[in-house]
file work-v8.cif (mmCIF, C-alpha atoms)
data_run
#
loop_
_atom_site.group_PDB
_atom_site.id
_atom_site.type_symbol
_atom_site.label_atom_id
_atom_site.label_comp_id
_atom_site.auth_asym_id
_atom_site.auth_seq_id
_atom_site.Cartn_x
_atom_site.Cartn_y
_atom_site.Cartn_z
ATOM 1 C CA MET A 1 -2.842 -10.074 -23.821
ATOM 2 C CA THR A 2 -6.436 -10.305 -22.698
ATOM 3 C CA ASP A 3 -8.612 -7.240 -22.336
ATOM 4 C CA THR A 4 -8.796 -7.863 -18.593
ATOM 5 C CA THR A 5 -5.019 -7.981 -18.249
ATOM 6 C CA GLN A 6 -4.664 -4.823 -20.316
ATOM 7 C CA LEU A 7 -7.218 -3.041 -18.117
ATOM 8 C CA GLN A 8 -5.425 -4.209 -14.969
ATOM 9 C CA ILE A 9 -2.098 -2.897 -16.267
ATOM 10 C CA GLU A 10 -3.636 0.429 -17.297
ATOM 11 C CA SER A 11 -5.237 0.762 -13.878
ATOM 12 C CA LEU A 12 -1.953 0.030 -12.129
ATOM 13 C CA ILE A 13 -0.167 2.596 -14.300
ATOM 14 C CA ARG A 14 -2.777 5.204 -13.317
ATOM 15 C CA MET A 15 -2.247 4.322 -9.656
ATOM 16 C CA ILE A 16 1.520 4.673 -10.058
ATOM 17 C CA LYS A 17 1.072 8.123 -11.611
ATOM 18 C CA LEU A 18 -1.366 9.165 -8.861
ATOM 19 C CA ASN A 19 0.946 8.077 -6.068
ATOM 20 C CA GLN A 20 4.020 9.546 -7.771
ATOM 21 C CA GLY A 21 2.120 12.817 -8.081
ATOM 22 C CA ARG A 22 1.449 12.768 -4.357
ATOM 23 C CA ILE A 23 5.138 12.119 -3.694
ATOM 24 C CA ASP A 24 6.106 15.018 -5.958
ATOM 25 C CA SER A 25 3.584 17.329 -4.245
ATOM 26 C CA LEU A 26 4.871 16.486 -0.782
ATOM 27 C CA ILE A 27 8.469 17.061 -1.851
ATOM 28 C CA ALA A 28 7.528 20.349 -3.529
ATOM 29 C CA GLU A 29 5.793 21.506 -0.355
ATOM 30 C CA HIS A 30 8.250 20.208 2.261
ATOM 31 C CA GLY A 31 11.529 19.830 0.353
ATOM 32 C CA HIS A 32 14.264 17.232 0.701
ATOM 33 C CA GLY A 33 15.687 17.404 4.167
ATOM 34 C CA CYS A 34 14.261 18.203 7.529
ATOM 35 C CA ARG A 35 10.493 17.855 7.431
ATOM 36 C CA PRO A 36 7.726 16.677 9.755
ATOM 37 C CA SER A 37 7.771 12.953 10.472
ATOM 38 C CA TYR A 38 4.270 12.472 9.054
ATOM 39 C CA VAL A 39 5.554 13.708 5.671
ATOM 40 C CA SER A 40 8.383 11.175 5.695
ATOM 41 C CA GLU A 41 5.902 8.448 6.623
ATOM 42 C CA GLU A 42 3.549 9.425 3.792
ATOM 43 C CA LEU A 43 6.448 9.501 1.320
ATOM 44 C CA CYS A 44 7.427 6.020 2.415
ATOM 45 C CA GLN A 45 3.858 4.716 2.071
ATOM 46 C CA TYR A 46 3.394 6.212 -1.386
ATOM 47 C CA GLY A 47 6.790 4.893 -2.468
ATOM 48 C CA GLU A 48 5.926 1.396 -1.247
ATOM 49 C CA ARG A 49 2.662 1.512 -3.179
ATOM 50 C CA VAL A 50 4.458 2.533 -6.364
ATOM 51 C CA GLU A 51 6.894 -0.360 -5.987
ATOM 52 C CA ARG A 52 4.077 -2.813 -5.264
ATOM 53 C CA TYR A 53 2.156 -1.672 -8.352
ATOM 54 C CA LYS A 54 5.299 -2.054 -10.474
ATOM 55 C CA GLN A 55 5.727 -5.592 -9.146
ATOM 56 C CA GLU A 56 2.098 -6.382 -9.945
ATOM 57 C CA ILE A 57 2.583 -5.157 -13.516
ATOM 58 C CA ALA A 58 5.713 -7.290 -13.866
ATOM 59 C CA GLU A 59 3.815 -10.321 -12.576
ATOM 60 C CA LEU A 60 0.956 -9.740 -15.034
ATOM 61 C CA VAL A 61 3.416 -9.428 -17.920
ATOM 62 C CA ARG A 62 5.293 -12.556 -16.834
ATOM 63 C CA ASN A 63 2.056 -14.552 -16.819
ATOM 64 C CA LEU A 64 1.124 -13.664 -20.398
#
call {"tool": "encode", "arguments": {"input": "work-v8.cif", "output": "structure tokens"}}
result
Amino acid sequence: MTDTTQLQIESLIRMIKLNQGRIDSLIAEHGHGCRPSYVSEELCQYGERVERYKQEIAELVRNL
């Protein structure tokens, strides 16, 4: 694994943790159930980012 690839993976992992933290904070504040629509939209956006970052990591690993 090149240093660049390793740095990219580490960066993506940090971004996953950051976005997962935001998801956890929103759920802690607003719960699981009825909540304002903007909260549901933000949860969806953060979740999509997490999945995209996971896919990017998988692609980097596949190309080693």
call {"tool": "atom_distance", "arguments": {"input": "work-v8.cif", "atom1": "CA of Arg22 (chain A)", "atom2": "CA of Gly47 (chain A)"}}
result
9.7 Å
call {"tool": "atom_distance", "arguments": {"input": "work-v8.cif", "atom1": "CA of Ile9 (chain A)", "atom2": "CA of Cys44 (chain A)"}}
result
22.8 Å
call {"tool": "resolve_selection", "arguments": {"input": "work-v8.cif", "expression": "the PyMOL selection byres ((chain A and resi 20) around 12)", "output": "list of chain:residue names"}}
result
A:Ile13, A:Arg14, A:Met15, A:Ile16, A:Lys17, A:Leu18, A:Asn19, A:Gly21, A:Arg22, A:Ile23, A:Asp24, A:Ser25, A:Leu26, A:Ile27, A:Glu42, A:Leu43, A:Cys44, A:Gln45, A:Tyr46, A:Gly47, A:Glu48, A:Arg49, A:Val50, A:Glu51, A:Tyr53, A:Lys54
call {"tool": "atom_distance", "arguments": {"input": "work-v8.cif", "atom1": "CA of Ser11 (chain A)", "atom2": "CA of Leu64 (chain A)"}}
result
17.1 Å
call {"tool": "resolve_selection", "arguments": {"input": "work-v8.cif", "expression": "the PyMOL selection byres ((chain A and resi 5) around 12)", "output": "PyMOL selection string"}}
result
chain A and resi 1-4+6-12+56-64
call {"tool": "decode", "arguments": {"input": "work-v8.cif", "residues": "region 13-28 of chain A", "atoms": "all heavy atoms", "output": "mmCIF file, in the first residue's frame"}}
result
data_model
loop_
_atom_site.group_PDB
_atom_site.id
_atom_site.type_symbol
_atom_site.label_atom_id
_atom_site.label_comp_id
_atom_site.auth_asym_id
_atom_site.auth_seq_id
_atom_site.Cartn_x
_atom_site.Cartn_y
_atom_site.Cartn_z
ATOM 1 N N ILE A 13 -11.660 7.289 6.874
ATOM 2 C CA ILE A 13 -12.081 6.753 8.172
ATOM 3 C C ILE A 13 -12.425 7.892 9.132
ATOM 4 O O ILE A 13 -13.428 7.827 9.849
ATOM 5 C CB ILE A 13 -11.003 5.816 8.753
ATOM 6 C CG1 ILE A 13 -10.933 4.527 7.928
ATOM 7 C CG2 ILE A 13 -11.284 5.503 10.227
ATOM 8 C CD1 ILE A 13 -9.764 3.632 8.261
ATOM 9 N N ARG A 14 -11.610 8.946 9.135
ATOM 10 C CA ARG A 14 -11.913 10.114 9.978
ATOM 11 C C ARG A 14 -13.237 10.745 9.575
ATOM 12 O O ARG A 14 -14.043 11.138 10.430
ATOM 13 C CB ARG A 14 -10.792 11.141 9.895
ATOM 14 C CG ARG A 14 -9.567 10.773 10.710
ATOM 15 C CD ARG A 14 -8.605 11.944 10.862
ATOM 16 N NE ARG A 14 -8.128 12.458 9.596
ATOM 17 C CZ ARG A 14 -7.082 11.972 8.917
ATOM 18 N NH1 ARG A 14 -6.400 10.949 9.399
ATOM 19 N NH2 ARG A 14 -6.713 12.525 7.777
ATOM 20 N N MET A 15 -13.492 10.826 8.266
ATOM 21 C CA MET A 15 -14.746 11.404 7.795
ATOM 22 C C MET A 15 -15.945 10.528 8.182
ATOM 23 O O MET A 15 -17.004 11.047 8.525
ATOM 24 C CB MET A 15 -14.692 11.606 6.279
ATOM 25 C CG MET A 15 -13.677 12.649 5.840
ATOM 26 S SD MET A 15 -13.925 14.259 6.616
ATOM 27 C CE MET A 15 -15.495 14.716 5.921
ATOM 28 N N ILE A 16 -15.758 9.225 8.136
ATOM 29 C CA ILE A 16 -16.830 8.317 8.575
ATOM 30 C C ILE A 16 -17.137 8.563 10.049
ATOM 31 O O ILE A 16 -18.298 8.693 10.442
ATOM 32 C CB ILE A 16 -16.440 6.846 8.325
ATOM 33 C CG1 ILE A 16 -16.452 6.538 6.830
ATOM 34 C CG2 ILE A 16 -17.374 5.893 9.085
ATOM 35 C CD1 ILE A 16 -15.858 5.195 6.457
ATOM 36 N N LYS A 17 -16.097 8.637 10.870
ATOM 37 C CA LYS A 17 -16.298 8.855 12.308
ATOM 38 C C LYS A 17 -16.964 10.198 12.571
ATOM 39 O O LYS A 17 -17.856 10.302 13.426
ATOM 40 C CB LYS A 17 -14.965 8.767 13.041
ATOM 41 C CG LYS A 17 -14.415 7.360 13.110
ATOM 42 C CD LYS A 17 -13.078 7.317 13.813
ATOM 43 C CE LYS A 17 -12.508 5.907 13.857
ATOM 44 N NZ LYS A 17 -11.191 5.863 14.481
ATOM 45 N N LEU A 18 -16.556 11.236 11.841
ATOM 46 C CA LEU A 18 -17.148 12.567 12.007
ATOM 47 C C LEU A 18 -18.635 12.534 11.665
ATOM 48 O O LEU A 18 -19.471 13.025 12.439
ATOM 49 C CB LEU A 18 -16.412 13.572 11.117
ATOM 50 C CG LEU A 18 -17.005 14.965 11.063
ATOM 51 C CD1 LEU A 18 -16.790 15.675 12.401
ATOM 52 C CD2 LEU A 18 -16.376 15.762 9.942
ATOM 53 N N ASN A 19 -18.964 11.967 10.524
ATOM 54 C CA ASN A 19 -20.360 11.923 10.112
ATOM 55 C C ASN A 19 -21.191 11.011 10.997
ATOM 56 O O ASN A 19 -22.339 11.316 11.299
ATOM 57 C CB ASN A 19 -20.460 11.507 8.636
ATOM 58 C CG ASN A 19 -20.131 12.652 7.716
ATOM 59 O OD1 ASN A 19 -20.979 13.464 7.395
ATOM 60 N ND2 ASN A 19 -18.886 12.735 7.305
ATOM 61 N N GLN A 20 -20.623 9.896 11.449
ATOM 62 C CA GLN A 20 -21.342 9.014 12.366
ATOM 63 C C GLN A 20 -21.586 9.721 13.694
ATOM 64 O O GLN A 20 -22.642 9.571 14.298
ATOM 65 C CB GLN A 20 -20.572 7.707 12.580
ATOM 66 C CG GLN A 20 -21.360 6.679 13.356
ATOM 67 C CD GLN A 20 -22.646 6.282 12.669
ATOM 68 O OE1 GLN A 20 -22.647 5.875 11.515
ATOM 69 N NE2 GLN A 20 -23.756 6.396 13.371
ATOM 70 N N GLY A 21 -20.629 10.524 14.124
ATOM 71 C CA GLY A 21 -20.810 11.313 15.340
ATOM 72 C C GLY A 21 -21.957 12.300 15.210
ATOM 73 O O GLY A 21 -22.733 12.506 16.152
ATOM 74 N N ARG A 22 -22.075 12.900 14.040
ATOM 75 C CA ARG A 22 -23.179 13.832 13.801
ATOM 76 C C ARG A 22 -24.515 13.100 13.803
ATOM 77 O O ARG A 22 -25.503 13.610 14.332
ATOM 78 C CB ARG A 22 -22.957 14.574 12.489
ATOM 79 C CG ARG A 22 -21.802 15.546 12.582
ATOM 80 C CD ARG A 22 -21.546 16.264 11.297
ATOM 81 N NE ARG A 22 -20.481 17.256 11.486
ATOM 82 C CZ ARG A 22 -19.826 17.810 10.501
ATOM 83 N NH1 ARG A 22 -20.111 17.503 9.255
ATOM 84 N NH2 ARG A 22 -18.876 18.696 10.751
ATOM 85 N N ILE A 23 -24.535 11.911 13.219
ATOM 86 C CA ILE A 23 -25.750 11.085 13.243
ATOM 87 C C ILE A 23 -26.123 10.769 14.691
ATOM 88 O O ILE A 23 -27.278 10.950 15.096
ATOM 89 C CB ILE A 23 -25.543 9.782 12.439
ATOM 90 C CG1 ILE A 23 -25.462 10.087 10.947
ATOM 91 C CG2 ILE A 23 -26.662 8.771 12.730
ATOM 92 C CD1 ILE A 23 -25.008 8.916 10.088
ATOM 93 N N ASP A 24 -25.149 10.319 15.460
ATOM 94 C CA ASP A 24 -25.404 9.959 16.860
ATOM 95 C C ASP A 24 -25.901 11.162 17.661
ATOM 96 O O ASP A 24 -26.807 11.028 18.485
ATOM 97 C CB ASP A 24 -24.136 9.386 17.497
ATOM 98 C CG ASP A 24 -23.708 8.061 16.866
ATOM 99 O OD1 ASP A 24 -24.531 7.419 16.180
ATOM 100 O OD2 ASP A 24 -22.536 7.688 17.050
ATOM 101 N N SER A 25 -25.336 12.335 17.405
ATOM 102 C CA SER A 25 -25.758 13.555 18.119
ATOM 103 C C SER A 25 -27.203 13.916 17.781
ATOM 104 O O SER A 25 -27.977 14.287 18.673
ATOM 105 C CB SER A 25 -24.848 14.723 17.764
ATOM 106 O OG SER A 25 -23.561 14.517 18.264
ATOM 107 N N LEU A 26 -27.540 13.833 16.506
ATOM 108 C CA LEU A 26 -28.914 14.152 16.107
ATOM 109 C C LEU A 26 -29.905 13.175 16.724
ATOM 110 O O LEU A 26 -30.975 13.577 17.192
ATOM 111 C CB LEU A 26 -29.039 14.143 14.579
ATOM 112 C CG LEU A 26 -28.449 15.349 13.856
ATOM 113 C CD1 LEU A 26 -28.413 15.099 12.349
ATOM 114 C CD2 LEU A 26 -29.254 16.605 14.166
ATOM 115 N N ILE A 27 -29.556 11.904 16.739
ATOM 116 C CA ILE A 27 -30.454 10.907 17.338
ATOM 117 C C ILE A 27 -30.561 11.133 18.839
ATOM 118 O O ILE A 27 -31.654 11.041 19.409
ATOM 119 C CB ILE A 27 -29.986 9.481 16.999
ATOM 120 C CG1 ILE A 27 -30.205 9.208 15.509
ATOM 121 C CG2 ILE A 27 -30.728 8.447 17.856
ATOM 122 C CD1 ILE A 27 -29.630 7.906 15.004
ATOM 123 N N ALA A 28 -29.449 11.462 19.490
ATOM 124 C CA ALA A 28 -29.486 11.718 20.932
ATOM 125 C C ALA A 28 -30.376 12.921 21.246
ATOM 126 O O ALA A 28 -31.091 12.927 22.243
ATOM 127 C CB ALA A 28 -28.070 11.947 21.456
#
